[in-house]
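Coordinates from protein13.pdb are shown below (PDB, C-alpha atoms and all ligand atoms).
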ATOM      1  CA  GLN C   1       0.000   0.000   0.000
ATOM      2  CA  ARG C   2       1.209   3.505  -0.814
ATOM      3  CA  THR C   3       2.480   5.598   2.115
ATOM      4  CA  ALA C   4       0.385   8.704   2.772
ATOM      5  CA  VAL C   5       2.370   9.855   5.816
ATOM      6  CA  ALA C   6       6.051   9.045   6.375
ATOM      7  CA  VAL C   7       7.430   9.707   9.855
ATOM      8  CA  ALA C   8      11.217   9.743  10.300
ATOM      9  CA  GLY C   9      11.909   9.968  13.996
ATOM     10  CA  SER C  10      12.274   8.538  17.457
ATOM     11  CA  LEU C  11      10.915   5.485  19.223
ATOM     12  CA  ASN C  12      11.310   5.484  23.017
ATOM     13  CA  LEU C  13      10.257   3.282  25.845
ATOM     14  CA  ASP C  14       8.865   5.555  28.567
ATOM     15  CA  VAL C  15       9.500   4.170  32.053
ATOM     16  CA  VAL C  16       7.368   6.078  34.552
ATOM     17  CA  MET C  17       8.237   5.960  38.283
ATOM     18  CA  PRO C  18       6.133   7.530  41.003
ATOM     19  CA  VAL C  19       8.361   9.190  43.643
ATOM     20  CA  PRO C  20       7.481  10.893  46.938
ATOM     21  CA  HIS C  21       9.884  13.704  45.945
ATOM     22  CA  HIS C  22      12.635  14.132  43.344
ATOM     23  CA  PRO C  23      16.068  12.929  44.501
ATOM     24  CA  ARG C  24      18.796  15.484  45.196
ATOM     25  CA  PRO C  25      22.327  14.663  43.933
ATOM     26  CA  GLY C  26      23.606  11.708  45.966
ATOM     27  CA  GLU C  27      20.169  10.864  47.362
ATOM     28  CA  THR C  28      18.301   7.583  46.845
ATOM     29  CA  VAL C  29      14.533   7.767  46.829
ATOM     30  CA  LEU C  30      12.259   4.750  47.191
ATOM     31  CA  GLY C  31       9.694   4.979  44.398
ATOM     32  CA  GLY C  32       6.486   3.093  43.626
ATOM     33  CA  ASP C  33       5.990   0.468  40.911
ATOM     34  CA  HIS C  34       7.158   1.596  37.489
ATOM     35  CA  THR C  35       5.018   1.309  34.375
ATOM     36  CA  ARG C  36       6.249   0.996  30.785
ATOM     37  CA  HIS C  37       4.663   2.888  27.910
ATOM     38  CA  PRO C  38       5.403   3.264  24.200
ATOM     39  CA  GLY C  39       6.654   6.755  23.403
ATOM     40  CA  GLY C  40       9.024   8.926  21.417
ATOM     41  CA  LYS C  41       7.663  11.846  19.417
ATOM     42  CA  GLY C  42       8.196  10.028  16.130
ATOM     43  CA  ALA C  43       6.286   6.926  17.164
ATOM     44  CA  ASN C  44       3.535   8.945  18.874
ATOM     45  CA  GLN C  45       2.946  11.098  15.793
ATOM     46  CA  ALA C  46       2.962   8.008  13.557
ATOM     47  CA  VAL C  47       0.260   6.403  15.721
ATOM     48  CA  ALA C  48      -1.705   9.671  15.787
ATOM     49  CA  ALA C  49      -1.926   9.793  11.971
ATOM     50  CA  ALA C  50      -2.632   6.038  11.696
ATOM     51  CA  ARG C  51      -5.537   6.219  14.206
ATOM     52  CA  LEU C  52      -7.095   8.829  11.935
ATOM     53  CA  GLY C  53      -7.017   6.318   9.095
ATOM     54  CA  GLN C  54      -3.856   7.204   7.171
ATOM     55  CA  HIS C  55      -1.385   4.664   5.835
ATOM     56  CA  VAL C  56       1.715   5.585   7.818
ATOM     57  CA  THR C  57       5.279   4.321   7.386
ATOM     58  CA  MET C  58       7.713   4.821  10.283
ATOM     59  CA  LEU C  59      11.443   5.243   9.643
ATOM     60  CA  GLY C  60      13.739   4.910  12.635
ATOM     61  CA  ARG C  61      15.807   2.574  14.780
ATOM     62  CA  VAL C  62      15.291   0.427  17.853
ATOM     63  CA  GLY C  63      17.726  -1.807  19.733
ATOM     64  CA  ASP C  64      17.799  -5.598  19.559
ATOM     65  CA  ASP C  65      16.017  -5.929  22.914
ATOM     66  CA  ASP C  66      12.608  -6.398  24.553
ATOM     67  CA  ALA C  67      11.883  -2.663  24.505
ATOM     68  CA  GLY C  68      12.478  -2.584  20.751
ATOM     69  CA  SER C  69      10.095  -5.443  20.040
ATOM     70  CA  PHE C  70       7.533  -3.923  22.419
ATOM     71  CA  LEU C  71       7.658  -0.602  20.522
ATOM     72  CA  THR C  72       7.481  -2.069  17.014
ATOM     73  CA  GLY C  73       4.663  -4.334  18.243
ATOM     74  CA  MET C  74       2.700  -1.305  19.459
ATOM     75  CA  LEU C  75       3.179   0.416  16.090
ATOM     76  CA  ASP C  76       2.156  -2.748  14.220
ATOM     77  CA  SER C  77      -1.016  -3.013  16.255
ATOM     78  CA  ALA C  78      -1.842   0.619  15.457
ATOM     79  CA  GLY C  79      -1.493  -0.281  11.768
ATOM     80  CA  VAL C  80       1.777   1.616  11.214
ATOM     81  CA  ASP C  81       4.125   0.046   8.632
ATOM     82  CA  THR C  82       7.345  -0.749  10.548
ATOM     83  CA  SER C  83       9.323  -2.282   7.680
ATOM     84  CA  ALA C  84      11.651   0.769   7.698
ATOM     85  CA  VAL C  85      12.337   0.547  11.453
ATOM     86  CA  THR C  86      15.808  -0.990  11.656
ATOM     87  CA  VAL C  87      16.881  -3.209  14.551
ATOM     88  CA  THR C  88      20.334  -2.143  15.749
ATOM     89  CA  PRO C  89      22.574  -4.802  17.316
ATOM     90  CA  GLN C  90      24.443  -4.009  20.536
ATOM     91  CA  THR C  91      22.601  -0.747  21.100
ATOM     92  CA  PRO C  92      19.761  -0.251  23.572
ATOM     93  CA  THR C  93      16.379   1.023  22.446
ATOM     94  CA  GLY C  94      15.804   4.686  23.276
ATOM     95  CA  MET C  95      14.403   5.178  26.787
ATOM     96  CA  ALA C  96      12.897   7.996  28.773
ATOM     97  CA  TYR C  97      12.976   7.651  32.566
ATOM     98  CA  ILE C  98      10.196   9.790  33.958
ATOM     99  CA  ALA C  99       9.929  10.422  37.692
ATOM    100  CA  VAL C 100       6.592  11.884  38.767
ATOM    101  CA  ASP C 101       6.230  13.323  42.261
ATOM    102  CA  GLU C 102       3.036  13.639  44.303
ATOM    103  CA  ALA C 103       2.323  17.089  42.884
ATOM    104  CA  GLY C 104       2.454  15.632  39.364
ATOM    105  CA  GLU C 105       5.757  17.412  38.586
ATOM    106  CA  ASN C 106       8.050  15.483  36.186
ATOM    107  CA  THR C 107      11.780  15.089  35.857
ATOM    108  CA  ILE C 108      12.831  13.223  32.735
ATOM    109  CA  ILE C 109      16.084  11.610  31.616
ATOM    110  CA  VAL C 110      16.161  10.657  27.943
ATOM    111  CA  SER C 111      18.703   8.110  26.738
ATOM    112  CA  PRO C 112      18.511   8.202  22.920
ATOM    113  CA  GLY C 113      20.097   4.756  22.385
ATOM    114  CA  ALA C 114      19.264   3.470  18.904
ATOM    115  CA  ASN C 115      17.594   6.780  17.962
ATOM    116  CA  GLY C 116      21.099   8.262  17.950
ATOM    117  CA  MET C 117      22.175   5.694  15.336
ATOM    118  CA  PHE C 118      19.324   6.543  12.927
ATOM    119  CA  SER C 119      21.360   7.976  10.060
ATOM    120  CA  ALA C 120      21.192   9.809   6.758
ATOM    121  CA  GLY C 121      22.180   6.447   5.238
ATOM    122  CA  ASP C 122      19.019   4.886   6.708
ATOM    123  CA  VAL C 123      17.015   7.686   5.132
ATOM    124  CA  ALA C 124      18.690   7.026   1.776
ATOM    125  CA  SER C 125      17.667   3.351   2.023
ATOM    126  CA  SER C 126      14.019   4.436   2.318
ATOM    127  CA  ALA C 127      14.258   7.345  -0.125
ATOM    128  CA  ALA C 128      11.481   5.912  -2.306
ATOM    129  CA  VAL C 129       9.017   5.975   0.606
ATOM    130  CA  LEU C 130       9.835   9.609   1.384
ATOM    131  CA  ALA C 131       9.748  10.655  -2.270
ATOM    132  CA  ASP C 132       6.281   9.171  -2.640
ATOM    133  CA  ALA C 133       4.593  10.168   0.640
ATOM    134  CA  ASP C 134       2.038  12.986   0.596
ATOM    135  CA  VAL C 135       3.320  14.269   3.940
ATOM    136  CA  THR C 136       6.611  13.697   5.779
ATOM    137  CA  LEU C 137       6.526  14.378   9.522
ATOM    138  CA  LEU C 138       9.776  15.148  11.338
ATOM    139  CA  GLN C 139      10.881  16.011  14.904
ATOM    140  CA  LEU C 140      14.284  16.575  16.554
ATOM    141  CA  GLU C 141      14.736  13.483  18.761
ATOM    142  CA  VAL C 142      17.091  11.954  16.153
ATOM    143  CA  PRO C 143      20.363  13.388  14.739
ATOM    144  CA  LEU C 144      19.975  16.677  12.839
ATOM    145  CA  ASP C 145      21.787  15.340   9.761
ATOM    146  CA  THR C 146      19.153  12.615   9.556
ATOM    147  CA  VAL C 147      16.321  15.141   9.850
ATOM    148  CA  GLU C 148      17.904  17.232   7.080
ATOM    149  CA  ALA C 149      18.349  14.194   4.835
ATOM    150  CA  ALA C 150      14.699  13.233   5.336
ATOM    151  CA  ALA C 151      13.471  16.765   4.623
ATOM    152  CA  ARG C 152      15.482  16.843   1.385
ATOM    153  CA  ALA C 153      14.318  13.369   0.307
ATOM    154  CA  ALA C 154      10.647  14.145   0.917
ATOM    155  CA  GLY C 155       8.563  14.547  -2.228
ATOM    156  CA  GLY C 156       5.401  15.843  -0.538
ATOM    157  CA  THR C 157       4.664  18.373   2.174
ATOM    158  CA  VAL C 158       7.321  18.509   4.906
ATOM    159  CA  VAL C 159       6.030  19.164   8.427
ATOM    160  CA  LEU C 160       8.683  19.742  11.116
ATOM    161  CA  ASN C 161       7.918  19.786  14.837
ATOM    162  CA  PRO C 162      11.267  21.120  16.161
ATOM    163  CA  ALA C 163      11.141  19.435  19.573
ATOM    164  CA  PRO C 164      13.232  19.304  21.652
ATOM    165  CA  ALA C 165      14.161  22.772  20.431
ATOM    166  CA  ARG C 166      17.575  23.682  19.111
ATOM    167  CA  GLU C 167      18.917  26.119  16.561
ATOM    168  CA  LEU C 168      18.516  24.896  13.012
ATOM    169  CA  ARG C 169      20.521  25.479   9.854
ATOM    170  CA  PRO C 170      18.798  27.598   7.181
ATOM    171  CA  ALA C 171      19.141  24.663   4.755
ATOM    172  CA  LEU C 172      16.804  22.604   6.940
ATOM    173  CA  LEU C 173      14.265  25.396   7.437
ATOM    174  CA  ASP C 174      14.245  26.015   3.672
ATOM    175  CA  ALA C 175      13.232  22.390   3.113
ATOM    176  CA  VAL C 176      10.297  22.667   5.556
ATOM    177  CA  ASP C 177       6.809  23.599   4.371
ATOM    178  CA  VAL C 178       4.987  23.753   7.705
ATOM    179  CA  LEU C 179       6.714  24.332  11.049
ATOM    180  CA  VAL C 180       4.663  23.323  14.124
ATOM    181  CA  LEU C 181       6.079  24.490  17.441
ATOM    182  CA  ASN C 182       5.131  25.665  20.918
ATOM    183  CA  GLU C 183       6.087  29.019  22.454
ATOM    184  CA  THR C 184       9.305  27.737  24.078
ATOM    185  CA  GLU C 185      10.464  26.223  20.806
ATOM    186  CA  LEU C 186       9.568  29.441  19.000
ATOM    187  CA  GLU C 187      11.873  31.398  21.324
ATOM    188  CA  VAL C 188      14.776  29.045  20.629
ATOM    189  CA  LEU C 189      14.318  29.082  16.846
ATOM    190  CA  ALA C 190      13.772  32.833  16.678
ATOM    191  CA  GLY C 191      16.778  33.367  18.966
ATOM    192  CA  GLN C 192      14.790  35.785  21.094
ATOM    193  CA  GLN C 193      12.496  35.695  24.100
ATOM    194  CA  LEU C 194       8.835  36.523  23.788
ATOM    195  CA  PRO C 195       8.305  39.995  25.262
ATOM    196  CA  SER C 196       4.935  38.776  26.534
ATOM    197  CA  GLY C 197       2.513  35.978  25.823
ATOM    198  CA  ASN C 198       0.256  38.171  23.709
ATOM    199  CA  LEU C 199      -0.563  37.037  20.209
ATOM    200  CA  ASP C 200       1.069  40.024  18.471
ATOM    201  CA  GLY C 201       4.409  39.186  20.072
ATOM    202  CA  ILE C 202       4.074  35.571  18.967
ATOM    203  CA  VAL C 203       3.291  36.652  15.400
ATOM    204  CA  ASP C 204       6.317  38.995  15.367
ATOM    205  CA  LEU C 205       8.623  36.234  16.529
ATOM    206  CA  SER C 206       7.167  33.773  13.996
ATOM    207  CA  ARG C 207       7.912  36.227  11.202
ATOM    208  CA  ARG C 208      11.598  36.112  12.178
ATOM    209  CA  ILE C 209      11.836  32.466  11.160
ATOM    210  CA  ASN C 210      12.715  32.251   7.471
ATOM    211  CA  GLY C 211      12.178  29.232   5.271
ATOM    212  CA  PRO C 212       8.876  27.502   6.032
ATOM    213  CA  ASP C 213       5.786  28.567   4.060
ATOM    214  CA  ALA C 214       3.672  28.422   7.193
ATOM    215  CA  ILE C 215       4.264  28.465  10.931
ATOM    216  CA  VAL C 216       1.808  26.998  13.395
ATOM    217  CA  VAL C 217       2.370  27.941  17.029
ATOM    218  CA  THR C 218       0.551  25.749  19.541
ATOM    219  CA  LEU C 219      -0.549  27.657  22.628
ATOM    220  CA  GLY C 220      -1.673  24.911  25.008
ATOM    221  CA  ALA C 221      -5.087  25.681  26.482
ATOM    222  CA  ARG C 222      -5.246  28.832  24.340
ATOM    223  CA  GLY C 223      -5.276  26.917  21.046
ATOM    224  CA  ALA C 224      -3.051  27.638  18.050
ATOM    225  CA  LEU C 225      -1.909  30.402  15.745
ATOM    226  CA  LEU C 226      -1.329  29.997  11.990
ATOM    227  CA  VAL C 227       1.054  32.489  10.409
ATOM    228  CA  ASP C 228       1.625  32.347   6.640
ATOM    229  CA  SER C 229       1.828  34.572   3.582
ATOM    230  CA  GLU C 230      -1.968  34.941   3.601
ATOM    231  CA  GLY C 231      -1.913  36.409   7.086
ATOM    232  CA  VAL C 232      -2.563  35.308  10.616
ATOM    233  CA  SER C 233      -5.389  33.207  11.969
ATOM    234  CA  TYR C 234      -6.055  32.291  15.551
ATOM    235  CA  VAL C 235      -7.807  29.022  16.359
ATOM    236  CA  PRO C 236      -9.036  28.824  19.965
ATOM    237  CA  ALA C 237      -8.682  25.530  21.827
ATOM    238  CA  VAL C 238     -11.758  23.373  22.277
ATOM    239  CA  GLU C 239     -12.951  23.629  25.870
ATOM    240  CA  VAL C 240     -12.671  20.244  27.525
ATOM    241  CA  ASP C 241     -12.119  18.741  30.967
ATOM    242  CA  VAL C 242      -8.383  18.190  31.093
ATOM    243  CA  VAL C 243      -7.122  14.884  32.464
ATOM    244  CA  ASP C 244      -3.542  14.676  31.115
ATOM    245  CA  THR C 245      -1.939  16.888  28.457
ATOM    246  CA  THR C 246       0.765  14.329  27.551
ATOM    247  CA  ALA C 247       1.012  13.898  23.760
ATOM    248  CA  ALA C 248      -1.254  16.876  22.980
ATOM    249  CA  GLY C 249       1.451  18.205  20.673
ATOM    250  CA  ASP C 250       1.944  14.802  19.038
ATOM    251  CA  ALA C 251      -1.806  14.386  18.460
ATOM    252  CA  PHE C 252      -1.826  17.858  16.925
ATOM    253  CA  CYS C 253       1.022  17.064  14.480
ATOM    254  CA  GLY C 254      -0.426  13.681  13.478
ATOM    255  CA  ALA C 255      -3.855  15.183  12.842
ATOM    256  CA  LEU C 256      -2.377  18.085  10.880
ATOM    257  CA  ALA C 257      -0.603  15.557   8.631
ATOM    258  CA  ASP C 258      -3.867  13.638   8.219
ATOM    259  CA  ALA C 259      -5.720  16.775   7.090
ATOM    260  CA  LEU C 260      -2.922  17.771   4.703
ATOM    261  CA  VAL C 261      -3.073  14.331   3.047
ATOM    262  CA  ARG C 262      -6.792  14.955   2.536
ATOM    263  CA  ARG C 263      -5.834  18.260   0.845
ATOM    264  CA  GLU C 264      -7.572  20.384   3.434
ATOM    265  CA  GLY C 265      -6.353  23.968   3.458
ATOM    266  CA  LEU C 266      -4.002  24.881   6.286
ATOM    267  CA  GLY C 267      -6.689  26.756   8.221
ATOM    268  CA  ALA C 268      -8.992  23.738   8.203
ATOM    269  CA  ALA C 269      -6.045  21.470   9.019
ATOM    270  CA  VAL C 270      -5.178  23.532  12.108
ATOM    271  CA  ARG C 271      -8.808  23.446  13.277
ATOM    272  CA  TRP C 272      -8.880  19.650  12.839
ATOM    273  CA  ALA C 273      -5.576  19.291  14.719
ATOM    274  CA  THR C 274      -6.913  21.429  17.566
ATOM    275  CA  ARG C 275      -9.918  19.126  17.898
ATOM    276  CA  ALA C 276      -7.749  15.981  17.853
ATOM    277  CA  ALA C 277      -5.464  17.445  20.534
ATOM    278  CA  ALA C 278      -8.490  18.365  22.665
ATOM    279  CA  VAL C 279      -9.635  14.726  22.720
ATOM    280  CA  THR C 280      -6.124  13.649  23.739
ATOM    281  CA  VAL C 281      -6.008  15.931  26.793
ATOM    282  CA  THR C 282      -9.227  14.344  28.128
ATOM    283  CA  ARG C 283      -7.438  10.974  28.375
ATOM    284  CA  ASP C 284      -4.527   9.553  30.328
ATOM    285  CA  GLY C 285      -1.209   8.605  28.740
ATOM    286  CA  ALA C 286       0.374   9.166  25.329
ATOM    287  CA  GLN C 287      -0.379   6.621  22.584
ATOM    288  CA  PRO C 288      -3.530   5.220  24.249
ATOM    289  CA  ALA C 289      -4.932   8.768  24.418
ATOM    290  CA  LEU C 290      -4.710   9.392  20.648
ATOM    291  CA  PRO C 291      -8.153   9.651  19.022
ATOM    292  CA  SER C 292      -9.817   7.872  16.107
ATOM    293  CA  ARG C 293     -11.480   9.798  13.279
ATOM    294  CA  ASP C 294     -14.889   9.203  14.909
ATOM    295  CA  ASP C 295     -13.644  10.607  18.214
ATOM    296  CA  VAL C 296     -12.471  13.813  16.517
ATOM    297  CA  GLU C 297     -15.601  14.193  14.393
ATOM    298  CA  ASN C 298     -17.692  13.966  17.561
ATOM    299  CA  VAL C 299     -15.944  16.922  19.175
ATOM    300  CA  ARG C 300     -18.642  19.590  19.365
TER     301      ARG C 300
HETATM  302  P1  LIG S   1       3.068  18.424  24.851
HETATM  303  O1  LIG S   1       4.546  18.624  24.964
HETATM  304  O2  LIG S   1       2.330  18.321  26.165
HETATM  305  O3  LIG S   1       2.657  17.354  23.912
HETATM  306  P2  LIG S   1       3.136  20.914  23.378
HETATM  307  O4  LIG S   1       3.820  21.902  24.244
HETATM  308  O5  LIG S   1       3.860  20.352  22.211
HETATM  309  O6  LIG S   1       2.481  19.762  24.242
HETATM  310  P3  LIG S   1       0.701  22.465  23.478
HETATM  311  O7  LIG S   1       0.741  23.781  22.838
HETATM  312  O8  LIG S   1       0.739  22.391  24.958
HETATM  313  O9  LIG S   1       1.813  21.562  22.793
HETATM  314  O10 LIG S   1      -0.625  21.687  23.013
HETATM  315  C1  LIG S   1      -0.852  21.331  21.657
HETATM  316  C2  LIG S   1      -2.306  21.574  21.326
HETATM  317  O11 LIG S   1      -3.115  20.783  22.183
HETATM  318  C3  LIG S   1      -2.763  23.002  21.531
HETATM  319  O12 LIG S   1      -2.532  23.770  20.367
HETATM  320  C4  LIG S   1      -4.257  22.816  21.806
HETATM  321  O13 LIG S   1      -4.961  22.741  20.589
HETATM  322  C5  LIG S   1      -4.322  21.452  22.495
HETATM  323  N1  LIG S   1      -4.397  21.625  23.949
HETATM  324  C6  LIG S   1      -3.375  21.669  24.832
HETATM  325  N2  LIG S   1      -3.815  21.877  26.084
HETATM  326  C7  LIG S   1      -5.164  21.975  25.994
HETATM  327  C8  LIG S   1      -6.225  22.193  26.923
HETATM  328  N3  LIG S   1      -5.968  22.359  28.223
HETATM  329  N4  LIG S   1      -7.502  22.214  26.459
HETATM  330  C9  LIG S   1      -7.778  22.040  25.152
HETATM  331  N5  LIG S   1      -6.817  21.840  24.211
HETATM  332  C10 LIG S   1      -5.538  21.806  24.624
END

Would you mind writing the file out in structure tokens?
Amino acid sequence: QRTAVAVAGSLNLDVVMPVPHHPRPGETVLGGDHTRHPGGKGANQAVAAARLGQHVTMLGRVGDDDAGSFLTGMLDSAGVDTSAVTVTPQTPTGMAYIAVDEAGENTIIVSPGANGMFSAGDVASSAAVLADADVTLLQLEVPLDTVEAAARAAGGTVVLNPAPARELRPALLDAVDVLVLNETELEVLAGQQLPSGNLDGIVDLSRRINGPDAIVVTLGARGALLVDSEGVSYVPAVEVDVVDTTAAGDAFCGALADALVRREGLGAAVRWATRAAAVTVTRDGAQPALPSRDDVENVR
């Protein structure tokens, strides 16, 4: 089957540990039982687009271990094509160790493992998939050279979610059609702090980023802002009872890709993504919280 959405990115095992408080250097803290969850922005966004009915192919790397088979198994069961996920010998699968204290505050250690071995050469091996896909979705949890290679190889619309944020070369930004980022990431890419949270300031900063045709700034509970050559449009968030905002951004990116495959205009795509993200925040967890097409259509 032809790939509609190609995702080149990370796969992580999230290990979540409840702790009474976060340990200070040198301190040992007795935590509660840990739980294991599939994660990584790449894998989460791949599942988000697949749940909405798109044929998604994931490009990336896992280790030759239980975590790797767990993650590819989760993608398989979501209907994501994992034939371009390479198993890497003698390298652990990427892991995120997440300690959550009683107030719900997180500290996170990410160990990239096999994600760090995902190379431009891997991208070249799957060049045909990227050339053919309607939308290629990228994030920054894998090496930058790999992200650049994937953006160049993509034949369709390139959507980059530059998280975790770092400065990017102009060559990469030039290859991006739609940049989707939150306010913190916007500050890093624009190389300047937001003077205030008001929308005008956000628009000004967005205009400092050259390359992409459109910039979508996600604003959490405030919704999202679309800035492109046609102007600026603000899409308010859908009002919902929030349970857990984990993966809101990933749901947003996956749903945006889904709408772009269906040739929706960007404005409609952002509204669709906002509705998909709203469903996600009403549910616990990351991948299990990602909505189906029916779920999103039933929002309001
Ligand atoms: P995360 O890192 O938690 O995945 P993010 O920082 O990448 O999130 P946000 O801007 O927090 O992204 O959220 C993405 C989108 O999710 C927002 O644009 C909005 O549409 C939706 N969203 C987030 N929080 C809420 C909320 N409390 N109520 C409704 N929608 C929300």

Exercise for review: Go through the shown structure with the PyMOL selection byres (((chain C and resi 108) around 10) and not hetatm) and write out the matching residues as number ranges by chain.
Suggested key: C: 14-16, 96-100, 106-107, 109-111

Review point. Stretch 25-31 of chain C: which residues within 10 Å, counting only C-alpha atoms, same-chain residues fewer than 5 positions away excluded, as a ChimeraX atom specification?
Key: /C:17-20,99-101

Where does stretch 185-280 of chain C meet stretch 35-47 of chain C within 8 Å, residue by residue, with the nearest atom pair and distance in Å to one decimal for each, counting all atoms listed in the file, listed by chain and rising number, as a tab-separated table?
residue	atom	partner	partner_atom	distance
C:Ala247	CA	C:Asn44	CA	7.4
C:Asp250	CA	C:Gln45	CA	5.0
C:Ala251	CA	C:Gln45	CA	6.4
C:Cys253	CA	C:Gln45	CA	6.4
C:Gly254	CA	C:Gln45	CA	4.8

Output C-alpha atoms for every residue in that selection, as an mmCIF file, keeping the file's coordinate frame.
data_model
loop_
_atom_site.group_PDB
_atom_site.id
_atom_site.type_symbol
_atom_site.label_atom_id
_atom_site.label_comp_id
_atom_site.auth_asym_id
_atom_site.auth_seq_id
_atom_site.Cartn_x
_atom_site.Cartn_y
_atom_site.Cartn_z
ATOM 1 C CA ALA C 247 1.012 13.898 23.760
ATOM 2 C CA ASP C 250 1.944 14.802 19.038
ATOM 3 C CA ALA C 251 -1.806 14.386 18.460
ATOM 4 C CA CYS C 253 1.022 17.064 14.480
ATOM 5 C CA GLY C 254 -0.426 13.681 13.478
#

Check your understanding: On this structure, which residues satisfy the PyMOL selection byres (((chain C and resi 266) around 10) and not hetatm), written as a VMD selection string?
Key -> chain C and resid 178 214 216 226 228 256 259 to 260 263 to 265 267 to 272

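With all atoms listed in the file as the atoms that count, the minimum distance from ligand LIG 1 (chain S) to the choices C:Glu185, C:Asp294, C:Glu230, C:Asp204 is reached by C:Glu185.
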
Please find the residues contacting ligand LIG 1 (chain S) at a distance of at most 10 Å between atoms, with only C-alpha atoms and all ligand atoms counted, and report them as a PDB file with C-alpha atoms, in the frame of the given file.
ATOM      1  CA  LYS C  41       7.663  11.846  19.417  1.00  0.00           C
ATOM      2  CA  ASN C  44       3.535   8.945  18.874  1.00  0.00           C
ATOM      3  CA  ASN C 161       7.918  19.786  14.837  1.00  0.00           C
ATOM      4  CA  PRO C 162      11.267  21.120  16.161  1.00  0.00           C
ATOM      5  CA  ALA C 163      11.141  19.435  19.573  1.00  0.00           C
ATOM      6  CA  PRO C 164      13.232  19.304  21.652  1.00  0.00           C
ATOM      7  CA  VAL C 180       4.663  23.323  14.124  1.00  0.00           C
ATOM      8  CA  LEU C 181       6.079  24.490  17.441  1.00  0.00           C
ATOM      9  CA  ASN C 182       5.131  25.665  20.918  1.00  0.00           C
ATOM     10  CA  GLU C 183       6.087  29.019  22.454  1.00  0.00           C
ATOM     11  CA  THR C 184       9.305  27.737  24.078  1.00  0.00           C
ATOM     12  CA  GLU C 185      10.464  26.223  20.806  1.00  0.00           C
ATOM     13  CA  VAL C 216       1.808  26.998  13.395  1.00  0.00           C
ATOM     14  CA  VAL C 217       2.370  27.941  17.029  1.00  0.00           C
ATOM     15  CA  THR C 218       0.551  25.749  19.541  1.00  0.00           C
ATOM     16  CA  LEU C 219      -0.549  27.657  22.628  1.00  0.00           C
ATOM     17  CA  GLY C 220      -1.673  24.911  25.008  1.00  0.00           C
ATOM     18  CA  ALA C 221      -5.087  25.681  26.482  1.00  0.00           C
ATOM     19  CA  ARG C 222      -5.246  28.832  24.340  1.00  0.00           C
ATOM     20  CA  GLY C 223      -5.276  26.917  21.046  1.00  0.00           C
ATOM     21  CA  ALA C 224      -3.051  27.638  18.050  1.00  0.00           C
ATOM     22  CA  LEU C 225      -1.909  30.402  15.745  1.00  0.00           C
ATOM     23  CA  VAL C 235      -7.807  29.022  16.359  1.00  0.00           C
ATOM     24  CA  PRO C 236      -9.036  28.824  19.965  1.00  0.00           C
ATOM     25  CA  ALA C 237      -8.682  25.530  21.827  1.00  0.00           C
ATOM     26  CA  VAL C 238     -11.758  23.373  22.277  1.00  0.00           C
ATOM     27  CA  GLU C 239     -12.951  23.629  25.870  1.00  0.00           C
ATOM     28  CA  VAL C 240     -12.671  20.244  27.525  1.00  0.00           C
ATOM     29  CA  ASP C 241     -12.119  18.741  30.967  1.00  0.00           C
ATOM     30  CA  VAL C 242      -8.383  18.190  31.093  1.00  0.00           C
ATOM     31  CA  VAL C 243      -7.122  14.884  32.464  1.00  0.00           C
ATOM     32  CA  ASP C 244      -3.542  14.676  31.115  1.00  0.00           C
ATOM     33  CA  THR C 245      -1.939  16.888  28.457  1.00  0.00           C
ATOM     34  CA  THR C 246       0.765  14.329  27.551  1.00  0.00           C
ATOM     35  CA  ALA C 247       1.012  13.898  23.760  1.00  0.00           C
ATOM     36  CA  ALA C 248      -1.254  16.876  22.980  1.00  0.00           C
ATOM     37  CA  GLY C 249       1.451  18.205  20.673  1.00  0.00           C
ATOM     38  CA  ASP C 250       1.944  14.802  19.038  1.00  0.00           C
ATOM     39  CA  ALA C 251      -1.806  14.386  18.460  1.00  0.00           C
ATOM     40  CA  PHE C 252      -1.826  17.858  16.925  1.00  0.00           C
ATOM     41  CA  CYS C 253       1.022  17.064  14.480  1.00  0.00           C
ATOM     42  CA  VAL C 270      -5.178  23.532  12.108  1.00  0.00           C
ATOM     43  CA  ARG C 271      -8.808  23.446  13.277  1.00  0.00           C
ATOM     44  CA  TRP C 272      -8.880  19.650  12.839  1.00  0.00           C
ATOM     45  CA  ALA C 273      -5.576  19.291  14.719  1.00  0.00           C
ATOM     46  CA  THR C 274      -6.913  21.429  17.566  1.00  0.00           C
ATOM     47  CA  ARG C 275      -9.918  19.126  17.898  1.00  0.00           C
ATOM     48  CA  ALA C 276      -7.749  15.981  17.853  1.00  0.00           C
ATOM     49  CA  ALA C 277      -5.464  17.445  20.534  1.00  0.00           C
ATOM     50  CA  ALA C 278      -8.490  18.365  22.665  1.00  0.00           C
ATOM     51  CA  VAL C 279      -9.635  14.726  22.720  1.00  0.00           C
ATOM     52  CA  THR C 280      -6.124  13.649  23.739  1.00  0.00           C
ATOM     53  CA  VAL C 281      -6.008  15.931  26.793  1.00  0.00           C
ATOM     54  CA  THR C 282      -9.227  14.344  28.128  1.00  0.00           C
ATOM     55  CA  ALA C 286       0.374   9.166  25.329  1.00  0.00           C
TER      56      ALA C 286
END

**Study point:** Sphere at (20.9, 5.5, 19.8), radius 8 Å, counting only C-alpha atoms: residues as a PyMOL selection string
**Key:** chain C and resi 61-63+91-94+111-118

Check your understanding: What gap, in Å, lies between atom CA of C:Leu59 and atom CA of C:Leu138?
Key ->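 These atoms are spaced 10.2 Å apart.
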
**Study point:** Nearby residues (all atoms listed in the file) at most 9 Å from C:Pro170, same-chain spacing under 4 positions excluded, as a list in words
**Key:** Asp174, Ala175, Asn210 and Gly211 of chain C

Check your understanding: Between atom CA of C:Asp76 and atom CA of C:Thr88, what is the distance, to one decimal in Å?
Key ->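 These two atoms are separated by 18.3 Å.
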